[in-house]
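Chemist: Enclosed is the structure file coords.txt (compact mmCIF, C-alpha atoms).
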# COMPACT_ATOMS: atom_id res chain seq x y z
CA MET D 1 -30.46 54.05 1.59
CA ALA D 2 -27.11 52.82 2.82
CA PHE D 3 -26.51 49.19 3.76
CA ARG D 4 -25.81 48.52 7.40
CA PRO D 5 -22.15 47.80 8.15
CA GLU D 6 -21.36 44.07 8.24
CA HIS D 7 -21.41 42.66 11.73
CA GLU D 8 -18.40 40.67 12.98
CA MET D 9 -20.76 37.73 13.52
CA HIS D 10 -21.47 37.59 9.79
CA LYS D 11 -17.76 37.35 9.07
CA ARG D 12 -17.51 34.33 11.38
CA ARG D 13 -20.53 32.73 9.76
CA PHE D 14 -19.05 33.35 6.34
CA SER D 15 -15.74 31.77 7.40
CA ARG D 16 -17.66 28.73 8.61
CA ASN D 17 -19.75 28.41 5.46
CA LEU D 18 -16.72 28.90 3.24
CA GLY D 19 -14.76 26.31 5.24
CA VAL D 20 -17.51 23.70 5.01
CA GLY D 21 -17.97 24.42 1.30
CA VAL D 22 -14.26 24.05 0.51
CA LEU D 23 -14.05 20.84 2.58
CA LEU D 24 -17.02 19.31 0.78
CA GLY D 25 -15.50 20.23 -2.57
CA CYS D 26 -12.19 18.61 -1.59
CA PHE D 27 -14.01 15.50 -0.37
CA VAL D 28 -15.81 15.09 -3.69
CA ALA D 29 -12.52 15.58 -5.57
CA LEU D 30 -10.81 12.97 -3.37
CA VAL D 31 -13.57 10.38 -3.85
CA PHE D 32 -13.41 10.98 -7.60
CA ALA D 33 -9.61 10.60 -7.62
CA LEU D 34 -9.85 7.42 -5.55
CA THR D 35 -12.43 6.01 -7.94
CA VAL D 36 -10.22 6.72 -10.95
CA VAL D 37 -7.19 5.10 -9.26
CA LYS D 38 -9.17 2.02 -8.19
CA VAL D 39 -10.74 1.54 -11.60
CA LYS D 40 -7.31 1.87 -13.26
CA ASN D 41 -5.83 -0.66 -10.81
CA GLY D 42 -8.68 -3.05 -11.49
CA ASP D 43 -9.56 -3.25 -7.77
CA LEU D 44 -12.87 -4.36 -6.38
CA MET D 45 -15.27 -1.51 -5.79
CA HIS D 46 -16.02 -2.28 -2.16
CA ALA D 47 -14.19 -2.62 1.15
CA ASN D 48 -14.65 -6.36 1.32
CA ASP D 49 -11.34 -7.22 -0.26
CA ALA D 50 -9.09 -7.71 2.76
CA PRO D 51 -7.46 -11.11 2.28
CA GLY D 52 -8.72 -13.88 4.55
CA LEU D 53 -11.69 -11.97 5.91
CA LEU D 54 -15.21 -13.31 5.97
CA GLY D 55 -17.18 -12.13 3.00
CA SER D 56 -14.16 -11.87 0.72
CA THR D 57 -15.24 -12.29 -2.82
CA GLN D 58 -13.40 -13.19 -5.99
CA PRO D 59 -13.35 -10.61 -8.75
CA ILE D 60 -15.43 -11.59 -11.74
CA VAL D 61 -13.07 -12.26 -14.59
CA PRO D 62 -14.56 -12.35 -18.08
CA LYS D 63 -14.22 -15.76 -19.74
CA PRO D 64 -11.81 -15.86 -22.64
CA MET S 1 -34.29 31.04 22.80
CA ALA S 2 -32.54 30.10 19.61
CA GLU S 3 -33.45 33.48 18.15
CA THR S 4 -31.69 35.41 20.92
CA ARG S 5 -28.71 33.08 20.99
CA SER S 6 -28.06 33.41 17.29
CA PHE S 7 -27.44 37.12 17.75
CA ASP S 8 -24.96 36.65 20.53
CA ALA S 9 -21.82 37.34 18.54
CA LEU S 10 -19.49 36.26 21.34
CA THR S 11 -20.66 32.64 21.30
CA GLU S 12 -20.75 32.34 17.53
CA ALA S 13 -18.05 29.82 16.65
CA SER S 14 -15.73 30.43 13.72
CA PHE S 15 -14.40 27.70 11.46
CA GLY S 16 -11.15 27.68 13.44
CA ASP S 17 -13.01 26.76 16.63
CA TYR S 18 -14.31 23.61 14.97
CA VAL S 19 -10.78 22.80 13.81
CA GLN S 20 -9.58 23.19 17.40
CA LEU S 21 -12.20 20.62 18.40
CA LEU S 22 -10.20 18.00 16.48
CA LYS S 23 -7.01 18.63 18.51
CA PRO S 24 -4.79 19.54 15.54
CA ARG S 25 -1.56 19.13 17.53
CA VAL S 26 -2.39 15.53 18.40
CA MET S 27 -3.45 15.02 14.78
CA SER S 28 -0.04 16.14 13.53
CA LEU S 29 1.62 13.35 15.54
CA VAL S 30 -0.95 10.88 14.23
CA VAL S 31 -0.33 11.99 10.63
CA PHE S 32 3.41 11.54 11.06
CA THR S 33 3.32 8.09 12.71
CA ALA S 34 0.59 6.77 10.41
CA LEU S 35 2.53 8.02 7.38
CA VAL S 36 5.69 6.27 8.58
CA GLY S 37 3.74 3.05 9.22
CA LEU S 38 2.39 3.24 5.70
CA LEU S 39 5.67 4.14 3.98
CA VAL S 40 7.86 1.53 5.67
CA ALA S 41 5.43 -1.27 4.75
CA PRO S 42 6.68 -3.66 2.04
CA VAL S 43 3.55 -3.06 -0.06
CA HIS S 44 3.24 0.34 -1.70
CA LEU S 45 -0.09 2.05 -2.21
CA HIS S 46 -0.89 4.43 -5.03
CA PRO S 47 -0.11 8.00 -3.82
CA VAL S 48 -3.81 8.94 -3.92
CA GLU S 49 -4.72 5.89 -1.82
CA ALA S 50 -1.87 6.60 0.59
CA PHE S 51 -2.96 10.23 0.93
CA ALA S 52 -6.57 9.17 1.56
CA ALA S 53 -5.45 6.57 4.12
CA VAL S 54 -3.41 9.08 6.16
CA LEU S 55 -6.13 11.71 5.84
CA PHE S 56 -8.86 9.42 7.16
CA ILE S 57 -6.68 8.02 9.96
CA ALA S 58 -6.04 11.65 11.02
CA LEU S 59 -9.75 12.44 10.71
CA GLY S 60 -10.55 9.46 12.93
CA ALA S 61 -8.08 10.81 15.50
CA GLY S 62 -9.76 14.22 15.21
CA ALA S 63 -13.15 12.60 15.76
CA SER S 64 -11.91 10.96 18.97
CA GLY S 65 -10.57 14.38 20.03
CA ALA S 66 -14.02 15.94 19.55
CA LEU S 67 -15.71 13.08 21.44
CA ASN S 68 -13.15 13.45 24.24
CA MET S 69 -13.89 17.19 24.47
CA TRP S 70 -17.61 16.47 24.63
CA TRP S 71 -17.19 14.04 27.51
CA ASP S 72 -14.49 15.93 29.42
CA ALA S 73 -15.99 19.45 29.17
CA ASP S 74 -16.64 19.49 32.94
CA ILE S 75 -12.99 18.87 33.88
CA ASP S 76 -11.50 20.82 30.96
CA VAL S 77 -13.08 23.99 32.34
CA ILE S 78 -11.18 23.53 35.63
CA MET S 79 -7.71 22.84 34.24
CA ARG S 80 -5.57 25.79 33.14
CA ARG S 81 -4.08 23.78 30.25
CA THR S 82 -7.50 22.94 28.78
CA LYS S 83 -9.93 25.69 29.78
CA SER S 84 -9.51 27.63 26.52
CA ARG S 85 -10.66 24.64 24.43
CA PRO S 86 -13.77 25.37 22.30
CA VAL S 87 -16.31 23.55 24.52
CA PRO S 88 -15.23 24.80 28.01
CA SER S 89 -14.74 28.34 26.62
CA GLY S 90 -18.36 28.31 25.40
CA LYS S 91 -17.63 28.74 21.69
CA VAL S 92 -18.91 25.31 20.70
CA GLU S 93 -21.70 23.49 22.51
CA ALA S 94 -21.01 20.05 23.98
CA GLY S 95 -23.81 18.58 21.85
CA GLU S 96 -22.18 19.94 18.71
CA ALA S 97 -18.87 18.34 19.69
CA LEU S 98 -20.68 15.01 20.13
CA ALA S 99 -22.43 15.31 16.76
CA ILE S 100 -19.24 16.28 14.93
CA GLY S 101 -17.29 13.51 16.68
CA LEU S 102 -19.82 10.84 15.77
CA ALA S 103 -20.24 12.03 12.17
CA LEU S 104 -16.49 12.26 11.54
CA SER S 105 -15.95 8.83 13.14
CA GLY S 106 -18.42 7.29 10.70
CA ILE S 107 -16.99 9.08 7.68
CA SER S 108 -13.36 8.28 8.53
CA ILE S 109 -13.98 4.58 9.26
CA VAL S 110 -16.07 3.94 6.15
CA MET S 111 -13.76 5.95 3.89
CA LEU S 112 -10.59 4.28 5.21
CA ALA S 113 -12.17 0.86 4.66
CA LEU S 114 -13.20 1.84 1.13
CA ALA S 115 -9.88 3.48 0.25
CA THR S 116 -7.68 0.67 1.60
CA ASN S 117 -9.13 -2.44 3.27
CA ILE S 118 -11.69 -3.42 5.84
CA LEU S 119 -9.15 -4.48 8.49
CA ALA S 120 -7.67 -0.96 8.54
CA GLY S 121 -11.18 0.49 8.88
CA ALA S 122 -11.98 -1.93 11.72
CA LEU S 123 -8.75 -1.03 13.54
CA LEU S 124 -9.58 2.68 13.23
CA ALA S 125 -13.08 2.00 14.61
CA PHE S 126 -11.54 0.11 17.53
CA THR S 127 -9.08 2.95 18.19
CA ILE S 128 -11.87 5.55 18.32
CA PHE S 129 -13.93 3.28 20.60
CA PHE S 130 -10.91 2.62 22.80
CA TYR S 131 -9.95 6.29 23.20
CA THR S 132 -13.49 7.54 23.73
CA VAL S 133 -15.23 4.81 25.70
CA VAL S 134 -12.46 2.80 27.37
CA TYR S 135 -10.11 5.71 28.12
CA SER S 136 -12.18 8.94 28.34
CA VAL S 137 -15.46 7.63 29.70
CA TRP S 138 -14.38 4.62 31.72
CA LEU S 139 -10.80 4.64 32.98
CA LYS S 140 -9.53 8.22 32.93
CA ARG S 141 -11.36 9.18 36.12
CA LEU S 142 -11.10 5.74 37.71
CA THR S 143 -7.49 4.63 37.84
CA PRO S 144 -4.05 6.27 38.06
CA GLN S 145 -2.95 3.88 35.31
CA ASN S 146 -5.20 5.87 32.92
CA ILE S 147 -2.22 7.17 30.96
CA VAL S 148 -0.89 3.66 30.35
CA ILE S 149 -4.21 2.49 28.92
CA GLY S 150 -4.88 5.71 27.02
CA GLY S 151 -1.46 5.36 25.42
CA ALA S 152 -2.75 2.38 23.45
CA ALA S 153 -5.10 4.64 21.50
CA GLY S 154 -2.20 6.88 20.48
CA ALA S 155 -0.13 3.83 19.54
CA PHE S 156 -2.51 2.48 16.90
CA PRO S 157 -1.93 4.97 14.01
CA PRO S 158 1.36 3.46 12.68
CA MET S 159 -0.21 0.01 12.91
CA ILE S 160 -3.27 1.22 10.98
CA GLY S 161 -0.95 2.78 8.40
CA TRP S 162 0.87 -0.54 8.01
CA VAL S 163 -2.39 -2.49 7.77
CA ALA S 164 -3.76 0.00 5.22
CA ALA S 165 -0.80 -0.88 2.98
CA THR S 166 -0.40 -4.61 3.63
CA GLY S 167 -3.85 -5.77 4.74
CA SER S 168 -2.49 -7.64 7.76
CA VAL S 169 -0.82 -7.10 11.16
CA SER S 170 2.83 -8.12 11.54
CA VAL S 171 5.60 -8.09 14.12
CA GLU S 172 6.88 -4.78 12.72
CA ALA S 173 3.44 -3.17 13.16
CA CYS S 174 3.25 -4.53 16.72
CA LEU S 175 6.69 -3.15 17.58
CA MET S 176 5.78 0.30 16.27
CA PHE S 177 2.65 0.05 18.43
CA MET S 178 4.71 -0.97 21.48
CA LEU S 179 7.19 1.86 20.92
CA ILE S 180 4.46 4.50 21.33
CA PHE S 181 2.55 2.49 23.94
CA MET S 182 5.56 2.19 26.27
CA TRP S 183 6.75 5.74 25.53
CA THR S 184 3.46 7.40 26.54
CA PRO S 185 3.61 6.83 30.35
CA PRO S 186 7.07 8.35 30.98
CA HIS S 187 6.23 11.17 28.54
CA PHE S 188 2.98 12.12 30.28
CA TRP S 189 4.15 11.51 33.82
CA ALA S 190 7.08 13.87 33.23
CA LEU S 191 4.44 16.45 32.21
CA ALA S 192 2.24 15.59 35.19
CA LEU S 193 5.13 16.21 37.59
CA PHE S 194 5.15 19.91 36.74
CA MET S 195 1.40 20.20 35.91
CA ASN S 196 0.33 18.47 39.13
CA GLU S 197 -1.95 21.23 40.40
CA ASP S 198 -4.16 21.11 37.33
CA TYR S 199 -4.97 17.43 37.70
CA SER S 200 -5.48 17.74 41.48
CA LYS S 201 -8.06 20.48 41.02
CA ALA S 202 -9.95 18.53 38.36
CA GLY S 203 -9.95 15.37 40.49
CA VAL S 204 -8.36 13.26 37.76
CA PRO S 205 -6.51 10.42 39.50
CA MET S 206 -3.10 11.06 37.98
CA LEU S 207 -0.33 9.00 39.49
CA THR S 208 1.18 12.21 40.90
CA VAL S 209 -2.09 12.87 42.77
CA THR S 210 -2.87 9.37 44.03
CA HIS S 211 0.60 7.93 44.72
CA GLY S 212 2.68 11.08 45.10
CA LYS S 213 5.58 12.39 43.09
CA LYS S 214 8.20 10.04 44.53
CA SER S 215 6.27 7.05 43.26
CA THR S 216 5.71 8.75 39.89
CA ARG S 217 9.46 9.25 39.53
CA THR S 218 10.01 5.54 40.10
CA HIS S 219 7.28 4.70 37.58
CA ILE S 220 8.95 6.92 34.96
CA LEU S 221 12.25 5.06 35.40
CA VAL S 222 10.66 1.60 35.32
CA TYR S 223 8.59 2.33 32.18
CA THR S 224 11.59 3.88 30.43
CA ILE S 225 13.64 0.74 31.14
CA ALA S 226 10.74 -1.38 29.83
CA LEU S 227 10.55 0.77 26.68
CA VAL S 228 14.18 0.20 25.66
CA PRO S 229 13.92 -3.46 24.47
CA PHE S 230 10.95 -2.65 22.20
CA ALA S 231 12.72 0.34 20.68
CA LEU S 232 15.90 -1.66 20.05
CA ALA S 233 14.11 -4.82 18.85
CA THR S 234 12.59 -2.85 15.97
CA ALA S 235 16.14 -2.39 14.62
CA PHE S 236 16.37 -6.14 13.89
CA THR S 237 13.14 -6.44 11.92
CA SER S 238 12.61 -5.85 8.20
CA ILE S 239 11.98 -2.13 8.77
CA GLY S 240 15.08 -1.56 10.92
CA GLY S 241 18.75 -1.30 10.02
CA PRO S 242 22.09 0.17 11.10
CA VAL S 243 20.88 3.79 10.87
CA TYR S 244 17.86 3.07 13.05
CA LEU S 245 19.97 1.05 15.49
CA ALA S 246 22.52 3.84 15.90
CA VAL S 247 19.83 6.50 16.37
CA SER S 248 17.88 4.28 18.76
CA LEU S 249 20.94 3.46 20.89
CA LEU S 250 21.76 7.15 21.34
CA LEU S 251 18.17 8.18 22.04
CA ASN S 252 17.56 5.37 24.52
CA ALA S 253 20.79 6.09 26.37
CA GLU S 254 19.77 9.75 26.73
CA PHE S 255 16.17 8.92 27.69
CA LEU S 256 17.39 6.45 30.31
CA ARG S 257 19.79 9.08 31.67
CA GLY S 258 16.91 11.58 31.88
CA ALA S 259 14.63 9.08 33.63
CA TYR S 260 17.43 8.25 36.07
CA ARG S 261 17.97 11.94 36.81
CA ILE S 262 14.23 12.38 37.44
CA TRP S 263 14.25 9.35 39.74
CA ARG S 264 17.22 10.62 41.75
CA ARG S 265 15.81 14.09 42.25
CA ASP S 266 14.38 15.31 45.49
CA GLU S 267 11.03 17.13 45.38
CA VAL S 268 12.44 20.17 47.19
CA VAL S 269 15.24 20.53 44.65
CA ALA S 270 12.78 20.09 41.78
CA GLU S 271 10.51 22.80 43.13
CA ALA S 272 13.49 25.11 43.70
CA ASP S 273 14.58 25.01 40.06
CA LYS S 274 10.97 24.90 38.78
CA TYR S 275 11.17 21.31 37.52
CA LYS S 276 13.99 22.06 35.11
CA VAL S 277 15.03 18.44 34.59
CA GLU S 278 11.44 17.20 34.27
CA LYS S 279 10.73 19.82 31.61
CA GLN S 280 13.93 18.89 29.78
CA VAL S 281 13.02 15.20 29.77
CA PHE S 282 9.46 15.98 28.64
CA ARG S 283 10.77 17.96 25.67
CA PHE S 284 13.37 15.31 24.89
CA SER S 285 10.69 12.59 24.95
CA LEU S 286 8.95 14.32 22.01
CA LEU S 287 12.23 14.34 20.10
CA TYR S 288 12.78 10.69 21.07
CA LEU S 289 9.61 9.55 19.34
CA PHE S 290 10.01 11.84 16.36
CA LEU S 291 13.58 10.68 15.66
CA HIS S 292 12.75 6.97 16.07
CA PHE S 293 10.05 7.20 13.40
CA GLY S 294 12.27 9.50 11.36
CA ALA S 295 15.02 6.85 11.41
CA LEU S 296 12.53 4.22 10.20
CA LEU S 297 11.66 6.54 7.34
CA ILE S 298 15.36 6.97 6.47
CA GLU S 299 15.82 3.19 6.38
CA ALA S 300 12.85 2.92 4.00
CA ALA S 301 14.22 5.74 1.84
CA LEU S 302 17.62 4.00 1.62
CA HIS S 303 16.10 0.66 0.58
CA PRO S 304 15.84 1.42 -3.17
CA TYR S 305 19.61 2.13 -3.18
CA GLY S 306 20.38 -1.17 -1.51
CA ILE S 307 21.80 0.43 1.64
CA GLY S 308 18.77 0.44 3.94
CA GLY S 309 18.19 -2.44 6.35
CA TRP S 310 20.58 -5.29 7.11
Would you put the structure from the file into structure tokens?

Modeler:
Amino acid sequence: MAFRPEHEMHKRRFSRNLGVGVLLGCFVALVFALTVVKVKNGDLMHANDAPGLLGSTQPIVPKP
Amino acid sequence: MAETRSFDALTEASFGDYVQLLKPRVMSLVVFTALVGLLVAPVHLHPVEAFAAVLFIALGAGASGALNMWWDADIDVIMRRTKSRPVPSGKVEAGEALAIGLALSGISIVMLALATNILAGALLAFTIFFYTVVYSVWLKRLTPQNIVIGGAAGAFPPMIGWVAATGSVSVEACLMFMLIFMWTPPHFWALALFMNEDYSKAGVPMLTVTHGKKSTRTHILVYTIALVPFALATAFTSIGGPVYLAVSLLLNAEFLRGAYRIWRRDEVVAEADKYKVEKQVFRFSLLYLFLHFGALLIEAALHPYGIGGW
């Protein structure tokens, strides 16, 4: 029994699924890269580090 | 219902249709200006952070584009320039545009704040709010000054880029903002002069519709004159220099000449030559903005060699 020929609609759906998949993969890679850079720079791990803003916190520095 | 719709191949959107929802052409301008704002700042981000910052600023702009298409679907379908957009052409549903717009807004704001600082994230949130609610929903259909106010949303990206790098707003960031803010009205009104019919049909109160073309021509000249001091003042800040000043002087002289020519022209003459001068000035205005930001980038590139700036 032969398979039915692929409908054009399925191609569009595939392009959409592939696009979303690739984007999600890139997003994960970017977040990972950002994490590595921030850890290497010794930055705080949250967005609350703009100078002079409410809620700014001091990084915890280990005592010598 | 959903069962029958899902088999309607003609309305099945492809990935490209969703990309179109984010107005990629507007995004390219946002990427460029935000990148310049970020690169000319005195503080330098790590390349990965800089890339993330520009990406999420552009994504925020794309989110506002999607929200704008959701809200304006009813008038986009009437205008020739916009009727092939994904929502009016029926490829993407208005509800989908809203969902994508809201989701991308959230992602871009949170990620920009995490990648750089919270002030940059807050400015991006304000920009999306301003473009969607203040411009699209509130003022676009209410006042002929809509373009002037809407221009503010387009003017924020270089400022956000600067803030992403430095963590604070400065006179340089404000001047980059003012450059785009004051440039937008003459740029769009030049377009409106030869796209008048579209806006009339859609009932959008463009200046050309409400006050006539003569008045619009005067407005173009006045706003261009008002733009010049902001463009030139940038030359004397820490991001300016002789290269920028020379480029800016030439560009402003030409833009002023174009605005003067538009102002002097009679409507009959303009119609006879199919708005030749107006189209020329519109195209030149794009070059004007591109070269101003390009000159800022050159100044920044020359800095390490001790020849950029004053």

Chemist: Determine, using all atoms listed in the file, which residues of chain S have any atom at most 10 Å from an atom of chain D, and tabulate each with its shortest atom pair and distance in Å to one decimal place, rows ordered by chain and then rising number, as JSON lines.

Modeler:
{"residue": "S:Ser6", "atom": "CA", "partner": "D:Met9", "partner_atom": "CA", "distance": 9.3}
{"residue": "S:Phe7", "atom": "CA", "partner": "D:Met9", "partner_atom": "CA", "distance": 7.9}
{"residue": "S:Asp8", "atom": "CA", "partner": "D:Met9", "partner_atom": "CA", "distance": 8.2}
{"residue": "S:Ala9", "atom": "CA", "partner": "D:Met9", "partner_atom": "CA", "distance": 5.1}
{"residue": "S:Leu10", "atom": "CA", "partner": "D:Met9", "partner_atom": "CA", "distance": 8.1}
{"residue": "S:Thr11", "atom": "CA", "partner": "D:Met9", "partner_atom": "CA", "distance": 9.3}
{"residue": "S:Glu12", "atom": "CA", "partner": "D:Met9", "partner_atom": "CA", "distance": 6.7}
{"residue": "S:Ala13", "atom": "CA", "partner": "D:Arg12", "partner_atom": "CA", "distance": 7.0}
{"residue": "S:Ser14", "atom": "CA", "partner": "D:Arg12", "partner_atom": "CA", "distance": 4.9}
{"residue": "S:Phe15", "atom": "CA", "partner": "D:Arg16", "partner_atom": "CA", "distance": 4.5}
{"residue": "S:Gly16", "atom": "CA", "partner": "D:Arg16", "partner_atom": "CA", "distance": 8.2}
{"residue": "S:Asp17", "atom": "CA", "partner": "D:Arg16", "partner_atom": "CA", "distance": 9.5}
{"residue": "S:Tyr18", "atom": "CA", "partner": "D:Arg16", "partner_atom": "CA", "distance": 8.8}
{"residue": "S:His46", "atom": "CA", "partner": "D:Val37", "partner_atom": "CA", "distance": 7.6}
{"residue": "S:Pro47", "atom": "CA", "partner": "D:Val37", "partner_atom": "CA", "distance": 9.4}
{"residue": "S:Val48", "atom": "CA", "partner": "D:Leu34", "partner_atom": "CA", "distance": 6.4}
{"residue": "S:Glu49", "atom": "CA", "partner": "D:Leu34", "partner_atom": "CA", "distance": 6.5}
{"residue": "S:Phe51", "atom": "CA", "partner": "D:Leu30", "partner_atom": "CA", "distance": 9.4}
{"residue": "S:Ala52", "atom": "CA", "partner": "D:Leu30", "partner_atom": "CA", "distance": 7.5}
{"residue": "S:Val110", "atom": "CA", "partner": "D:Ala47", "partner_atom": "CA", "distance": 8.5}
{"residue": "S:Met111", "atom": "CA", "partner": "D:Val31", "partner_atom": "CA", "distance": 8.9}
{"residue": "S:Leu112", "atom": "CA", "partner": "D:Ala47", "partner_atom": "CA", "distance": 8.8}
{"residue": "S:Ala113", "atom": "CA", "partner": "D:Ala47", "partner_atom": "CA", "distance": 5.3}
{"residue": "S:Leu114", "atom": "CA", "partner": "D:Ala47", "partner_atom": "CA", "distance": 4.6}
{"residue": "S:Ala115", "atom": "CA", "partner": "D:Leu34", "partner_atom": "CA", "distance": 7.0}
{"residue": "S:Thr116", "atom": "CA", "partner": "D:Ala47", "partner_atom": "CA", "distance": 7.3}
{"residue": "S:Asn117", "atom": "CA", "partner": "D:Ala50", "partner_atom": "CA", "distance": 5.3}
{"residue": "S:Ile118", "atom": "CA", "partner": "D:Ala47", "partner_atom": "CA", "distance": 5.4}
{"residue": "S:Leu119", "atom": "CA", "partner": "D:Ala50", "partner_atom": "CA", "distance": 6.6}
{"residue": "S:Ala120", "atom": "CA", "partner": "D:Ala50", "partner_atom": "CA", "distance": 9.0}
{"residue": "S:Gly121", "atom": "CA", "partner": "D:Ala47", "partner_atom": "CA", "distance": 8.9}
{"residue": "S:Val163", "atom": "CA", "partner": "D:Ala50", "partner_atom": "CA", "distance": 9.9}
{"residue": "S:Ala164", "atom": "CA", "partner": "D:Ala50", "partner_atom": "CA", "distance": 9.7}
{"residue": "S:Thr166", "atom": "CA", "partner": "D:Ala50", "partner_atom": "CA", "distance": 9.3}
{"residue": "S:Gly167", "atom": "CA", "partner": "D:Ala50", "partner_atom": "CA", "distance": 5.9}
{"residue": "S:Ser168", "atom": "CA", "partner": "D:Pro51", "partner_atom": "CA", "distance": 8.2}

Chemist: Could you tell me how far CA of Leu29 in chain S sits from CA of Ile298 in chain S, in Å to one decimal place?

Modeler: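 Distance between the two atoms: 17.7 Å.
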
Chemist: As an exercise, work out the distance from CA of Gly150 in chain S to CA of Asp72 in chain S in Å and give it to one decimal place.

Modeler: 14.2 Å

Chemist: Place a sphere of radius 10 Å on (-2.2, 2.7, 18.9) in the file coordinates and name every protein, DNA or RNA residue with an atom inside or on its surface, counting all atoms listed in the file; give the answer as a compact mmCIF listing (two decimals) with C-alpha atoms, keeping the file's coordinate frame.

Modeler:
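Full text of point-v2.txt as output:
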# COMPACT_ATOMS: atom_id res chain seq x y z
CA VAL S 30 -0.95 10.88 14.23
CA THR S 33 3.32 8.09 12.71
CA ALA S 34 0.59 6.77 10.41
CA LEU S 123 -8.75 -1.03 13.54
CA LEU S 124 -9.58 2.68 13.23
CA PHE S 126 -11.54 0.11 17.53
CA THR S 127 -9.08 2.95 18.19
CA PHE S 130 -10.91 2.62 22.80
CA TYR S 131 -9.95 6.29 23.20
CA GLY S 150 -4.88 5.71 27.02
CA GLY S 151 -1.46 5.36 25.42
CA ALA S 152 -2.75 2.38 23.45
CA ALA S 153 -5.10 4.64 21.50
CA GLY S 154 -2.20 6.88 20.48
CA ALA S 155 -0.13 3.83 19.54
CA PHE S 156 -2.51 2.48 16.90
CA PRO S 157 -1.93 4.97 14.01
CA PRO S 158 1.36 3.46 12.68
CA MET S 159 -0.21 0.01 12.91
CA ILE S 160 -3.27 1.22 10.98
CA ALA S 173 3.44 -3.17 13.16
CA CYS S 174 3.25 -4.53 16.72
CA MET S 176 5.78 0.30 16.27
CA PHE S 177 2.65 0.05 18.43
CA MET S 178 4.71 -0.97 21.48
CA LEU S 179 7.19 1.86 20.92
CA ILE S 180 4.46 4.50 21.33
CA PHE S 181 2.55 2.49 23.94

Chemist: Counting only C-alpha atoms, which residue out of S:Trp162, S:Gln280, S:Ile128, S:Gln145 sits closest to Ala41 in chain S?

Modeler: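 Comparing S:Trp162, S:Gln280, S:Ile128, S:Gln145 against Ala41 in chain S, the winner is S:Trp162.
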
Chemist: Tell me which residues come within 10 Å of (-13.5, 19.5, 42.1), as a PDB file with C-alpha atoms, keeping the file's coordinate frame, counting only C-alpha atoms in the file's coordinates.

Modeler:
ATOM      1  CA  ASP S  74     -16.640  19.490  32.940  1.00  0.00           C
ATOM      2  CA  ILE S  75     -12.990  18.870  33.880  1.00  0.00           C
ATOM      3  CA  ILE S  78     -11.180  23.530  35.630  1.00  0.00           C
ATOM      4  CA  TYR S 199      -4.970  17.430  37.700  1.00  0.00           C
ATOM      5  CA  SER S 200      -5.480  17.740  41.480  1.00  0.00           C
ATOM      6  CA  LYS S 201      -8.060  20.480  41.020  1.00  0.00           C
ATOM      7  CA  ALA S 202      -9.950  18.530  38.360  1.00  0.00           C
ATOM      8  CA  GLY S 203      -9.950  15.370  40.490  1.00  0.00           C
ATOM      9  CA  VAL S 204      -8.360  13.260  37.760  1.00  0.00           C
TER      10      VAL S 204
END

Chemist: Which residue, S:Val40, S:Ala192, S:Leu104, S:Val92, has the smallest gap to Ile57 in chain S when you use all atoms listed in the file?

Modeler: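 The closest residue to Ile57 in chain S is S:Leu104.
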
Chemist: I want to know what sits within 9 Å of range 219-222 of chain S, based on all atoms listed in the file, with residues of the same chain fewer than 4 positions away left out; could you give that as a list in words?

Modeler: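 My reading of the contact set: Pro185, Pro186, His187, Trp189, Ala190, Leu207, Lys214, Ser215, Ala226, Leu227, Leu256, Gly258, Ala259, Tyr260, Ile262 and Trp263 of chain S.
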
Chemist: What is the distance, in Å and to one decimal place, between CA of Pro229 in chain S and CA of Ala165 in chain S?

Modeler: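 CA of Pro229 in chain S sits 26.2 Å away from CA of Ala165 in chain S.
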
Chemist: Can you report as JSON the centre and edge lengths in Å, to one decimal, of an axis-aligned box around the listed atoms of range 37-41 of chain D padded with 6 Å on each side?

Modeler:
{"center_x": -8.3, "center_y": 2.2, "center_z": -10.7, "size_x": 16.9, "size_y": 17.8, "size_z": 17.1}
